[in-house]
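*Asks:* The structure file target-v4.txt (compact mmCIF, C-alpha atoms) is provided below.
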```
# COMPACT_ATOMS: atom_id res chain seq x y z
CA MET A 904 89.42 217.04 91.16
CA ASP A 905 90.75 214.97 88.28
CA PRO A 906 93.17 212.36 89.73
CA LEU A 907 95.96 213.51 87.44
CA ASP A 908 95.46 217.14 88.48
CA ALA A 909 95.43 216.02 92.10
CA ALA A 910 98.72 214.14 91.62
CA MET A 911 100.31 217.21 90.02
CA LYS A 912 99.02 219.48 92.76
CA LYS A 913 100.38 217.18 95.47
CA CYS A 914 103.93 217.37 94.14
CA ARG A 915 103.64 220.94 92.78
CA ALA A 916 104.36 219.85 89.23
CA ASP A 917 103.80 222.13 86.27
CA ALA A 918 102.69 219.24 84.08
CA PHE A 919 102.43 215.49 83.66
CA VAL A 920 104.47 213.96 80.84
CA HIS A 921 104.21 210.63 79.05
CA TYR A 922 106.18 209.36 76.04
CA ALA A 923 105.16 206.19 74.20
CA GLY A 924 103.56 204.83 71.06
CA GLY A 925 99.79 204.69 70.72
CA GLU A 926 99.84 200.94 71.38
CA ASP A 927 100.82 201.76 74.96
CA ALA A 928 97.67 201.46 77.09
CA ASP A 929 98.29 204.65 79.10
CA MET A 930 99.00 206.67 75.96
CA ARG A 931 95.92 205.36 74.21
CA TYR A 932 93.83 206.18 77.27
CA LEU A 933 95.23 209.71 77.52
CA SER A 934 95.17 210.62 73.83
CA ARG A 935 92.87 208.10 72.08
CA PHE A 936 95.44 208.31 69.27
CA VAL A 937 97.37 205.38 67.80
CA MET A 938 100.69 205.97 66.10
CA HIS A 939 103.39 203.35 65.68
CA ASP A 940 106.28 205.61 66.68
CA PRO A 941 106.40 207.08 70.20
CA PHE A 942 105.20 210.63 70.77
CA VAL A 943 104.83 213.08 73.62
CA PHE A 944 101.78 213.72 75.79
CA PHE A 945 101.77 216.49 78.38
CA LYS A 946 99.04 217.96 80.54
CA LYS A 947 99.33 221.09 82.61
CA HIS A 948 97.35 221.52 85.81
CA ARG A 949 93.62 222.01 85.13
CA GLN A 950 94.23 222.14 81.36
CA PRO A 951 93.46 219.65 78.58
CA GLY A 952 96.20 217.33 77.44
CA THR A 953 98.38 218.02 74.41
CA ILE A 954 100.23 215.63 72.13
CA ILE A 955 103.33 216.52 70.13
CA VAL A 956 103.51 214.63 66.83
CA PRO A 957 105.35 214.82 63.49
CA LEU A 958 103.83 217.17 60.91
CA MET A 959 102.80 214.20 58.75
CA GLU A 960 100.57 212.93 61.59
CA ALA A 961 99.09 216.26 62.66
CA GLU A 962 95.94 216.22 60.53
CA ARG A 963 95.06 212.64 61.45
CA ALA A 964 95.76 213.35 65.11
CA SER A 965 93.52 216.41 65.07
CA ARG A 966 90.67 214.22 63.80
CA GLU A 967 91.21 211.25 66.10
CA SER A 968 92.77 212.42 69.34
CA ILE A 969 90.90 213.82 72.33
CA ALA A 970 94.01 215.88 73.15
CA ALA A 971 95.13 219.14 71.58
CA VAL A 972 97.66 218.63 68.80
CA MET A 973 101.02 220.33 68.38
CA THR A 974 103.64 219.54 65.77
CA ARG A 975 107.29 219.05 66.66
CA THR A 976 108.03 222.17 64.64
CA GLN A 977 105.51 224.18 66.65
CA ALA A 978 107.13 222.80 69.80
CA GLY A 979 110.52 224.11 68.65
CA LEU A 980 112.31 220.83 68.05
CA PRO A 981 114.05 221.77 64.74
CA GLY A 982 115.72 224.80 66.32
CA ILE A 983 116.76 222.83 69.40
CA ALA A 984 118.18 220.02 67.25
CA LYS A 985 120.49 222.42 65.44
CA LYS A 986 122.38 222.94 68.69
CA GLU A 987 121.74 219.70 70.55
CA LYS A 988 122.71 216.61 68.54
CA ASN A 989 121.73 214.06 71.18
CA PRO A 990 118.13 213.19 70.24
CA TRP A 991 117.07 212.40 73.83
CA LYS A 992 118.42 215.68 75.14
CA ALA A 993 116.82 217.58 72.27
CA ALA A 994 113.47 215.94 72.99
CA ALA A 995 113.84 216.71 76.70
CA GLN A 996 114.52 220.39 76.01
CA MET A 997 111.47 220.51 73.74
CA ILE A 998 109.29 218.92 76.42
CA ALA A 999 110.54 221.17 79.20
CA GLY A 1000 110.04 224.20 76.98
CA GLN A 1001 106.38 223.33 76.50
CA ALA A 1002 105.45 221.60 79.77
CA GLY A 1003 107.43 223.44 82.45
CA LYS A 1004 110.33 223.08 84.82
CA THR A 1005 108.79 220.71 87.36
CA LEU A 1006 107.45 217.58 85.71
CA LEU A 1007 105.51 214.59 86.97
CA ILE A 1008 106.48 211.82 84.58
CA SER A 1009 105.09 208.43 83.71
CA PRO A 1010 106.90 205.55 85.46
CA THR A 1011 107.36 203.88 82.06
CA LEU A 1012 109.26 206.78 80.47
CA PRO A 1013 112.46 205.56 78.74
CA ALA A 1014 115.50 205.84 81.00
CA ALA A 1015 117.42 207.87 78.42
CA LEU A 1016 114.64 210.46 78.24
CA LEU A 1017 114.30 210.54 82.02
CA ARG A 1018 117.99 211.32 82.45
CA ALA A 1019 117.88 213.94 79.74
CA LEU A 1020 114.84 215.57 81.34
CA GLU A 1021 116.69 215.77 84.64
CA GLU A 1022 119.12 218.17 82.95
CA SER A 1023 116.28 220.45 81.88
CA ALA A 1024 113.70 220.15 84.65
CA ARG A 1025 112.93 218.90 88.13
CA VAL A 1026 111.54 215.41 87.62
CA ILE A 1027 109.16 213.44 89.85
CA VAL A 1028 108.18 209.88 88.90
CA ASP A 1029 104.44 209.25 89.18
CA GLU A 1030 103.21 206.21 91.14
CA GLY A 1031 100.75 204.84 88.60
CA THR A 1032 98.00 207.48 88.53
CA ILE A 1033 96.97 206.69 84.96
CA GLU A 1034 96.88 202.96 85.60
CA GLN A 1035 94.58 203.58 88.56
CA MET A 1036 92.37 205.90 86.50
CA ARG A 1037 92.07 203.27 83.78
CA ALA A 1038 90.79 200.71 86.29
CA LYS A 1039 87.47 202.51 86.74
CA LYS A 1040 85.57 202.32 83.45
CA THR A 1041 83.08 204.84 82.12
CA PRO A 1042 79.72 203.59 80.82
CA GLU A 1043 81.07 204.03 77.29
CA GLU A 1044 84.17 201.95 78.04
CA ILE A 1045 81.97 199.23 79.52
CA ARG A 1046 79.85 199.24 76.37
CA LEU A 1047 82.96 198.83 74.22
CA ILE A 1048 84.20 195.92 76.33
CA GLN A 1049 80.79 194.24 76.16
CA THR A 1050 80.92 194.55 72.38
CA VAL A 1051 84.23 192.69 72.26
CA GLN A 1052 82.87 190.05 74.64
CA LYS A 1053 79.94 189.31 72.34
CA LYS A 1054 82.35 188.76 69.45
CA THR A 1055 84.50 186.57 71.69
CA GLU A 1056 81.56 184.33 72.58
CA ARG A 1057 80.69 183.82 68.91
CA VAL A 1058 84.25 182.70 68.23
CA MET A 1059 84.34 180.49 71.32
CA ALA A 1060 81.22 178.79 69.97
CA LEU A 1061 83.03 178.20 66.68
CA GLY A 1062 86.02 176.59 68.38
CA ILE A 1063 83.90 174.36 70.58
CA SER A 1064 81.68 173.34 67.64
CA LEU A 1065 84.78 172.07 65.80
CA ILE A 1066 85.53 169.88 68.81
CA ARG A 1067 81.92 168.77 69.31
CA ASN A 1068 81.49 167.79 65.66
CA ALA A 1069 84.83 166.03 65.35
CA THR A 1070 85.09 162.28 64.85
CA THR A 1071 87.47 160.00 66.70
CA LYS A 1072 89.99 157.71 65.08
CA LYS A 1073 92.83 155.93 66.85
CA GLY A 1074 92.63 158.23 69.86
CA ILE A 1075 92.70 161.48 67.86
CA LEU A 1076 89.96 163.92 66.88
CA TYR A 1077 89.38 164.42 63.15
CA HIS A 1078 87.69 167.16 61.15
CA ASP A 1079 86.90 166.60 57.45
CA GLY A 1080 89.28 163.67 57.33
CA THR A 1081 92.18 165.65 58.83
CA PRO A 1082 93.47 165.54 62.42
CA LEU A 1083 91.86 168.34 64.42
CA THR A 1084 94.81 170.18 65.92
CA SER A 1085 95.19 173.08 68.31
CA GLU A 1086 96.62 175.06 65.40
CA LEU A 1087 93.64 174.34 63.14
CA VAL A 1088 91.10 175.40 65.78
CA ARG A 1089 93.15 178.47 66.70
CA THR A 1090 93.44 179.57 63.07
CA ALA A 1091 89.71 179.17 62.45
CA MET A 1092 88.93 181.24 65.54
CA HIS A 1093 91.45 183.93 64.67
CA LYS A 1094 90.10 184.24 61.12
CA GLN A 1095 86.60 184.78 62.48
CA LEU A 1096 87.90 187.39 64.89
CA MET A 1097 89.61 189.22 62.04
CA ASP A 1098 86.31 189.25 60.14
CA ASP A 1099 84.74 190.77 63.27
CA GLY A 1100 87.37 193.52 63.48
CA CYS A 1101 89.36 191.96 66.30
CA ARG A 1102 92.86 190.63 66.73
CA ALA A 1103 93.97 187.75 68.93
CA VAL A 1104 97.39 186.36 69.75
CA GLU A 1105 98.49 183.39 71.85
CA THR A 1106 95.01 181.93 72.13
CA ILE A 1107 95.34 178.88 74.36
CA ILE A 1108 93.98 175.59 73.07
CA SER A 1109 95.70 173.02 75.24
CA CYS A 1110 94.80 169.37 75.60
CA GLY A 1111 95.21 166.56 78.09
CA GLU A 1112 98.09 166.79 80.53
CA ASP A 1113 99.18 170.13 79.00
CA THR A 1114 96.08 171.71 80.60
CA ALA A 1115 97.79 171.34 84.00
CA PHE A 1116 100.01 174.29 83.01
CA PRO A 1117 97.79 177.38 82.65
CA HIS A 1118 99.60 179.20 79.85
CA ILE A 1119 100.81 176.38 77.61
CA ILE A 1120 99.34 177.46 74.28
CA GLY A 1121 98.88 173.94 72.96
CA SER A 1122 99.90 172.22 69.76
CA GLY A 1123 99.24 169.11 67.77
CA PRO A 1124 96.20 166.81 67.52
CA LEU A 1125 93.40 167.13 70.06
CA ARG A 1126 92.22 163.98 71.80
CA PRO A 1127 88.87 162.68 73.08
CA ASN A 1128 87.90 162.09 76.71
CA VAL A 1129 90.43 164.56 78.13
CA PRO A 1130 90.14 168.25 79.09
CA ILE A 1131 90.68 170.87 76.38
CA VAL A 1132 91.18 174.40 77.70
CA ILE A 1133 90.29 177.28 75.37
CA ASP A 1134 91.41 180.66 76.72
CA MET A 1135 91.10 183.66 74.44
CA PHE A 1136 91.62 187.37 74.96
CA PRO A 1137 90.98 189.28 71.72
CA ARG A 1138 91.29 193.01 71.25
CA ASP A 1139 89.01 195.20 69.17
CA GLU A 1140 91.19 196.82 66.52
CA ALA A 1141 89.18 200.03 66.37
CA THR A 1142 88.87 200.76 70.10
CA GLY A 1143 91.80 198.89 71.67
CA TYR A 1144 89.64 197.23 74.34
CA TYR A 1145 90.01 193.58 75.28
CA ALA A 1146 87.74 190.77 76.38
CA ASP A 1147 88.89 187.65 78.23
CA MET A 1148 87.15 184.28 78.41
CA THR A 1149 87.97 180.63 79.13
CA ARG A 1150 86.06 177.40 78.77
CA THR A 1151 87.15 173.79 79.37
CA VAL A 1152 85.52 171.03 77.35
CA SER A 1153 85.97 167.34 76.61
CA LYS A 1154 84.87 165.45 73.51
CA GLY A 1155 83.43 162.47 75.33
CA LYS A 1156 83.45 161.57 78.99
CA PRO A 1157 86.76 162.16 80.80
CA ASP A 1158 88.03 160.44 83.95
CA ARG A 1159 86.04 160.91 87.17
CA GLN A 1160 88.91 162.97 88.61
CA ILE A 1161 88.52 165.54 85.82
CA ILE A 1162 84.74 165.61 86.23
CA ASP A 1163 85.11 166.26 89.96
CA MET A 1164 87.63 169.04 89.32
CA TYR A 1165 85.30 170.64 86.80
CA GLU A 1166 82.36 170.60 89.20
CA ALA A 1167 84.53 172.16 91.93
CA VAL A 1168 85.79 174.91 89.61
CA LYS A 1169 82.29 175.68 88.39
CA GLU A 1170 81.04 176.05 91.96
CA ALA A 1171 84.13 178.10 92.91
CA GLN A 1172 83.38 180.50 90.07
CA GLN A 1173 79.87 181.08 91.39
CA ILE A 1174 81.27 181.66 94.88
CA GLY A 1175 83.68 184.25 93.48
CA ILE A 1176 80.94 185.95 91.51
CA SER A 1177 78.70 186.08 94.60
CA ARG A 1178 81.42 187.81 96.63
CA ILE A 1179 82.35 190.53 94.15
CA LYS A 1180 80.76 193.94 94.61
CA ALA A 1181 81.87 197.49 95.38
CA GLY A 1182 83.50 197.84 98.78
CA VAL A 1183 84.68 194.24 99.00
CA SER A 1184 88.39 193.58 98.73
CA GLY A 1185 89.76 191.45 95.93
CA ALA A 1186 91.57 189.46 98.60
CA ASP A 1187 88.30 188.52 100.32
CA ALA A 1188 86.78 187.20 97.09
CA HIS A 1189 89.95 185.25 96.29
CA ASN A 1190 90.22 183.78 99.77
CA ALA A 1191 86.59 182.64 99.72
CA VAL A 1192 87.48 180.48 96.72
CA VAL A 1193 90.65 179.23 98.40
CA ASP A 1194 88.57 178.18 101.42
CA TYR A 1195 86.04 176.43 99.21
CA PHE A 1196 88.70 174.47 97.36
CA LYS A 1197 90.23 173.46 100.69
CA SER A 1198 86.86 172.13 101.82
CA ARG A 1199 86.80 169.97 98.69
CA GLY A 1200 90.33 168.67 99.31
CA TYR A 1201 92.12 170.82 96.71
CA GLU A 1202 95.29 172.77 97.45
CA SER A 1203 95.96 176.41 96.62
CA ASP A 1204 99.73 176.32 96.49
CA THR A 1205 102.19 174.90 93.95
CA ARG A 1206 99.40 172.80 92.51
CA GLY A 1207 95.64 172.97 92.61
CA PHE A 1208 94.53 176.62 92.55
CA ILE A 1209 97.80 178.33 91.64
CA HIS A 1210 96.84 181.82 90.41
CA ASN A 1211 94.67 184.79 91.35
CA LEU A 1212 90.91 184.55 91.09
CA GLY A 1213 90.81 187.42 88.61
CA HIS A 1214 92.14 190.68 87.24
CA GLY A 1215 91.06 193.87 85.57
CA VAL A 1216 90.46 194.07 81.81
CA GLY A 1217 90.44 197.15 79.58
CA LEU A 1218 93.06 198.57 77.25
CA GLN A 1219 95.26 195.77 78.56
CA VAL A 1220 94.14 192.21 79.06
CA HIS A 1221 95.72 192.23 82.52
CA GLU A 1222 95.39 195.49 84.43
CA LEU A 1223 94.17 196.77 87.77
CA PRO A 1224 92.48 195.70 89.95
CA THR A 1225 93.87 192.45 91.30
CA ILE A 1226 91.48 189.84 92.64
CA GLY A 1227 93.98 187.79 94.58
CA ALA A 1228 95.74 187.54 97.90
CA ALA A 1229 97.05 191.11 97.49
CA GLY A 1230 93.78 192.52 96.16
CA THR A 1231 92.50 195.85 97.44
CA THR A 1232 89.01 197.36 97.65
CA LEU A 1233 86.89 196.92 94.53
CA LYS A 1234 85.05 199.94 93.16
CA GLU A 1235 81.96 200.33 91.05
CA GLY A 1236 82.94 200.50 87.39
CA PHE A 1237 85.85 198.07 87.58
CA VAL A 1238 85.73 195.40 84.86
CA VAL A 1239 87.21 192.14 86.09
CA THR A 1240 87.48 188.44 85.35
CA VAL A 1241 86.45 185.61 87.65
CA GLU A 1242 88.58 182.62 86.65
CA PRO A 1243 89.21 179.90 89.21
CA GLY A 1244 91.17 176.87 88.08
CA LEU A 1245 92.65 173.60 89.30
CA TYR A 1246 95.87 172.20 87.89
CA TYR A 1247 97.48 168.83 88.59
CA PRO A 1248 100.51 167.71 86.56
CA GLY A 1249 100.01 164.22 85.21
CA VAL A 1250 96.24 164.62 85.43
CA GLY A 1251 95.23 167.86 83.73
CA GLY A 1252 93.69 171.23 84.44
CA ILE A 1253 90.33 172.99 84.47
CA ARG A 1254 89.69 176.72 84.12
CA LEU A 1255 86.46 178.66 83.68
CA GLU A 1256 86.54 182.42 83.13
CA ASP A 1257 83.80 185.02 82.91
CA MET A 1258 84.20 188.79 82.73
CA GLY A 1259 81.93 191.51 84.05
CA ALA A 1260 81.53 194.78 85.92
CA VAL A 1261 81.70 195.49 89.63
CA ARG A 1262 78.49 197.18 90.74
CA ALA A 1263 77.31 198.61 94.04
CA LYS A 1264 75.52 195.44 95.13
CA LYS A 1265 76.75 192.70 92.81
CA PHE A 1266 78.89 191.53 89.91
CA THR A 1267 77.24 192.01 86.51
CA ASP A 1268 78.42 189.14 84.33
CA PHE A 1269 78.97 190.06 80.67
CA THR A 1270 79.64 186.43 79.71
CA LYS A 1271 76.56 184.54 78.59
CA TYR A 1272 78.15 181.49 76.96
CA GLU A 1273 77.27 178.14 78.50
CA GLU A 1274 79.57 176.07 80.72
CA ASN A 1275 79.44 172.36 79.85
CA LEU A 1276 82.36 170.00 80.21
CA ILE A 1277 81.24 167.20 77.91
CA VAL A 1278 80.49 168.18 74.30
```
Before anything else, please render the file you have as structure tokens.
*Replies:*
Amino acid sequence: MDPLDAAMKKCRADAFVHYAGGEDADMRYLSRFVMHDPFVFFKKHRQPGTIIVPLMEAERASRESIAAVMTRTQAGLPGIAKKEKNPWKAAAQMIAGQAGKTLLISPTLPAALLRALEESARVIVDEGTIEQMRAKKTPEEIRLIQTVQKKTERVMALGISLIRNATTKKGILYHDGTPLTSELVRTAMHKQLMDDGCRAVETIISCGEDTAFPHIIGSGPLRPNVPIVIDMFPRDEATGYYADMTRTVSKGKPDRQIIDMYEAVKEAQQIGISRIKAGVSGADAHNAVVDYFKSRGYESDTRGFIHNLGHGVGLQVHELPTIGAAGTTLKEGFVVTVEPGLYYPGVGGIRLEDMGAVRAKKFTDFTKYEENLIV
């Protein structure tokens, strides 16, 4: 049985209801329709889903959405609004009129709509069924993610080539006579992604001691002989699917401490990859890396390895499953990252990240781009 039907059957709900814009990952998954303003999705037991949209969006929705399409007028909203002036209550009455009197609702439903629905129906808050469904990718979803990954690798190559081909002057990298900054590299990469039909935000290009803090985006001139972390997670504009990838490079030879950290992270990544397959828990894979780092003298606490080994990727860049201390059993079809890192304030940080699919007997790595510290 479909997991959503099973969830409805368990709580004897007439329908499942979600309300969000098409940029919301659950809504995009359920409807495959993108609209800036929020709209209604409902699905009755063992029936296809239906979206309720404004009349001006109905034709486009009928062409693009995998759900049936109903206009707000067809759903009775204009008549309801003549009597009920509170827009949340009017929307709730419209939803209950179409979906039923016992509703399983998305946990992200706006509080105002939830309270209004409670006046018109019996409401049960779902425990993340859609999020769990999204974790297991279809072959088509995997193909779409691989497509974004290929574009990501081309852009990573562009960013690293700017660093590799830079010249050094007074302790700063230069490109065409201008200081090579995080902003310049980021802009060049983002422009290429736009040409490839992708969008990226907050791409990390951090340098030197800033690399000891995993999500510092980075700014200003890049320097030689120190780690430069490039972490990018673009989304395909047409499909909504993400990729996620990190490389750490140095223009010239860095300190021995950084080289040792890089070698440990590279080996840790291979250990993580070797552990990941269907039936293994995310916690086991994570802990294998923790144990390895400990054997090399690196902590996994407030410094050293300070984050999970990996996470799911799909219509969100961070989604289920978790590959960390709280990770549960991995299933075939999950798409996950493997991204160990070491971070020491005052010294710097190293992170390497590949992405791939969990299979019955192994992890299939989608990431083919090389891993070399010194460029």
*Asks:* Which one is closest to Asp908 of chain A: A:Ala1015, A:Ile969, A:Met1036, A:Leu1212? Count all atoms listed in the file.
*Replies:*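 Using all atoms listed in the file, Asp908 of chain A sits closest to A:Met1036.
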*Asks:* Go through A:Thr1151, A:Thr1240, A:Ser1023, A:Thr976 and flag the residue nearest Ala1260 of chain A, using only C-alpha atoms for the distances.
*Replies:*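 Counting only C-alpha atoms, the residue closest to Ala1260 of chain A is A:Thr1240.
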*Asks:* Distance atom CA of Lys1264 of chain A-atom CA of His1189 of chain A, one decimal place?
*Replies:*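 Computing it gives 17.7 Å between the two atoms.
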*Asks:* Show me, as a list in words, the residues that have an atom within 10 Å of Gln1173 of chain A when counting all atoms listed in the file, minus same-chain residues fewer than 3 positions from it.
*Replies:* Val1168, Lys1169, Glu1170, Ile1176, Ser1177, Arg1178, Val1192, Val1241 and Pro1243 of chain A
*Asks:* Give me the residues within 12 Å of Glu1044 of chain A as a VMD selection string, counting all atoms listed in the file and dropping any in the same chain fewer than 3 places off.
*Replies:* chain A and resid 932 1037 to 1041 1047 to 1051 1142 to 1146 1216 to 1218 1236 to 1238 1260
*Asks:* Once 5 Å is added on each side, what centre and edge lengths in Å to one decimal does the axis-aligned box around all listed atoms of segment 1098-1117 of chain A have, as lines of an AutoDock Vina configuration file?
*Replies:*
```
center_x = 92.4
center_y = 180.0
center_z = 72.1
size_x = 25.3
size_y = 37.0
size_z = 33.9
```
*Asks:* If I take atom CA of Asp917 of chain A and atom CA of Thr1005 of chain A, how far is one from the other in Å, to one decimal?
*Replies:* 5.3 Å
*Asks:* Can you pull out the residues contacting Arg1057 of chain A? Cut-off 10 Å, using all atoms listed in the file, and skip same-chain residues under 6 positions away; I want them as a count of residues only.
*Replies:* 5
*Asks:* Have a look at A:Thr1270, A:Ser1153, A:Ser1109, A:Gln950 and name the one nearest to Ala1069 of chain A; count all atoms listed in the file.
*Replies:* A:Ser1153
*Asks:* Counting only C-alpha atoms, what is within 10 Å of Tyr1201 of chain A, bar same-chain residues fewer than 5 positions away, as a list in words?
*Replies:* Met1164, Ala1167, Val1193, Asp1194, Tyr1195, Phe1196, Arg1206, Gly1207, Phe1208, Leu1245, Tyr1246 and Tyr1247 of chain A
*Asks:* Find, counting all atoms listed in the file, the residue in A:Met1258, A:Ala994, A:Ala1171, A:Met911 that gets nearest to Phe942 of chain A.
*Replies:*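 Smallest separation from Phe942 of chain A among the options: A:Ala994.
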*Asks:* In Å, how far is it from atom CA of Thr1232 of chain A to atom CA of Gly1259 of chain A?
*Replies:*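 Interatomic distance, atom CA of Thr1232 of chain A to atom CA of Gly1259 of chain A: 16.4 Å.
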*Asks:* Would you pick out the contacts of Ser1009 of chain A at 9 Å or less, using only C-alpha atoms, so that residues sharing its chain but fewer than 2 positions from it are not included, and give the list as an MDAnalysis selection string?
*Replies:* chainID A and resid 919:922 1007 1011:1012 1027:1033
*Asks:* Ranking A:Ala1181, A:Thr1225, A:Ala995, A:Thr953 by minimum distance to Pro1013 of chain A and counting all atoms listed in the file, which one comes first?
*Replies:* A:Ala995
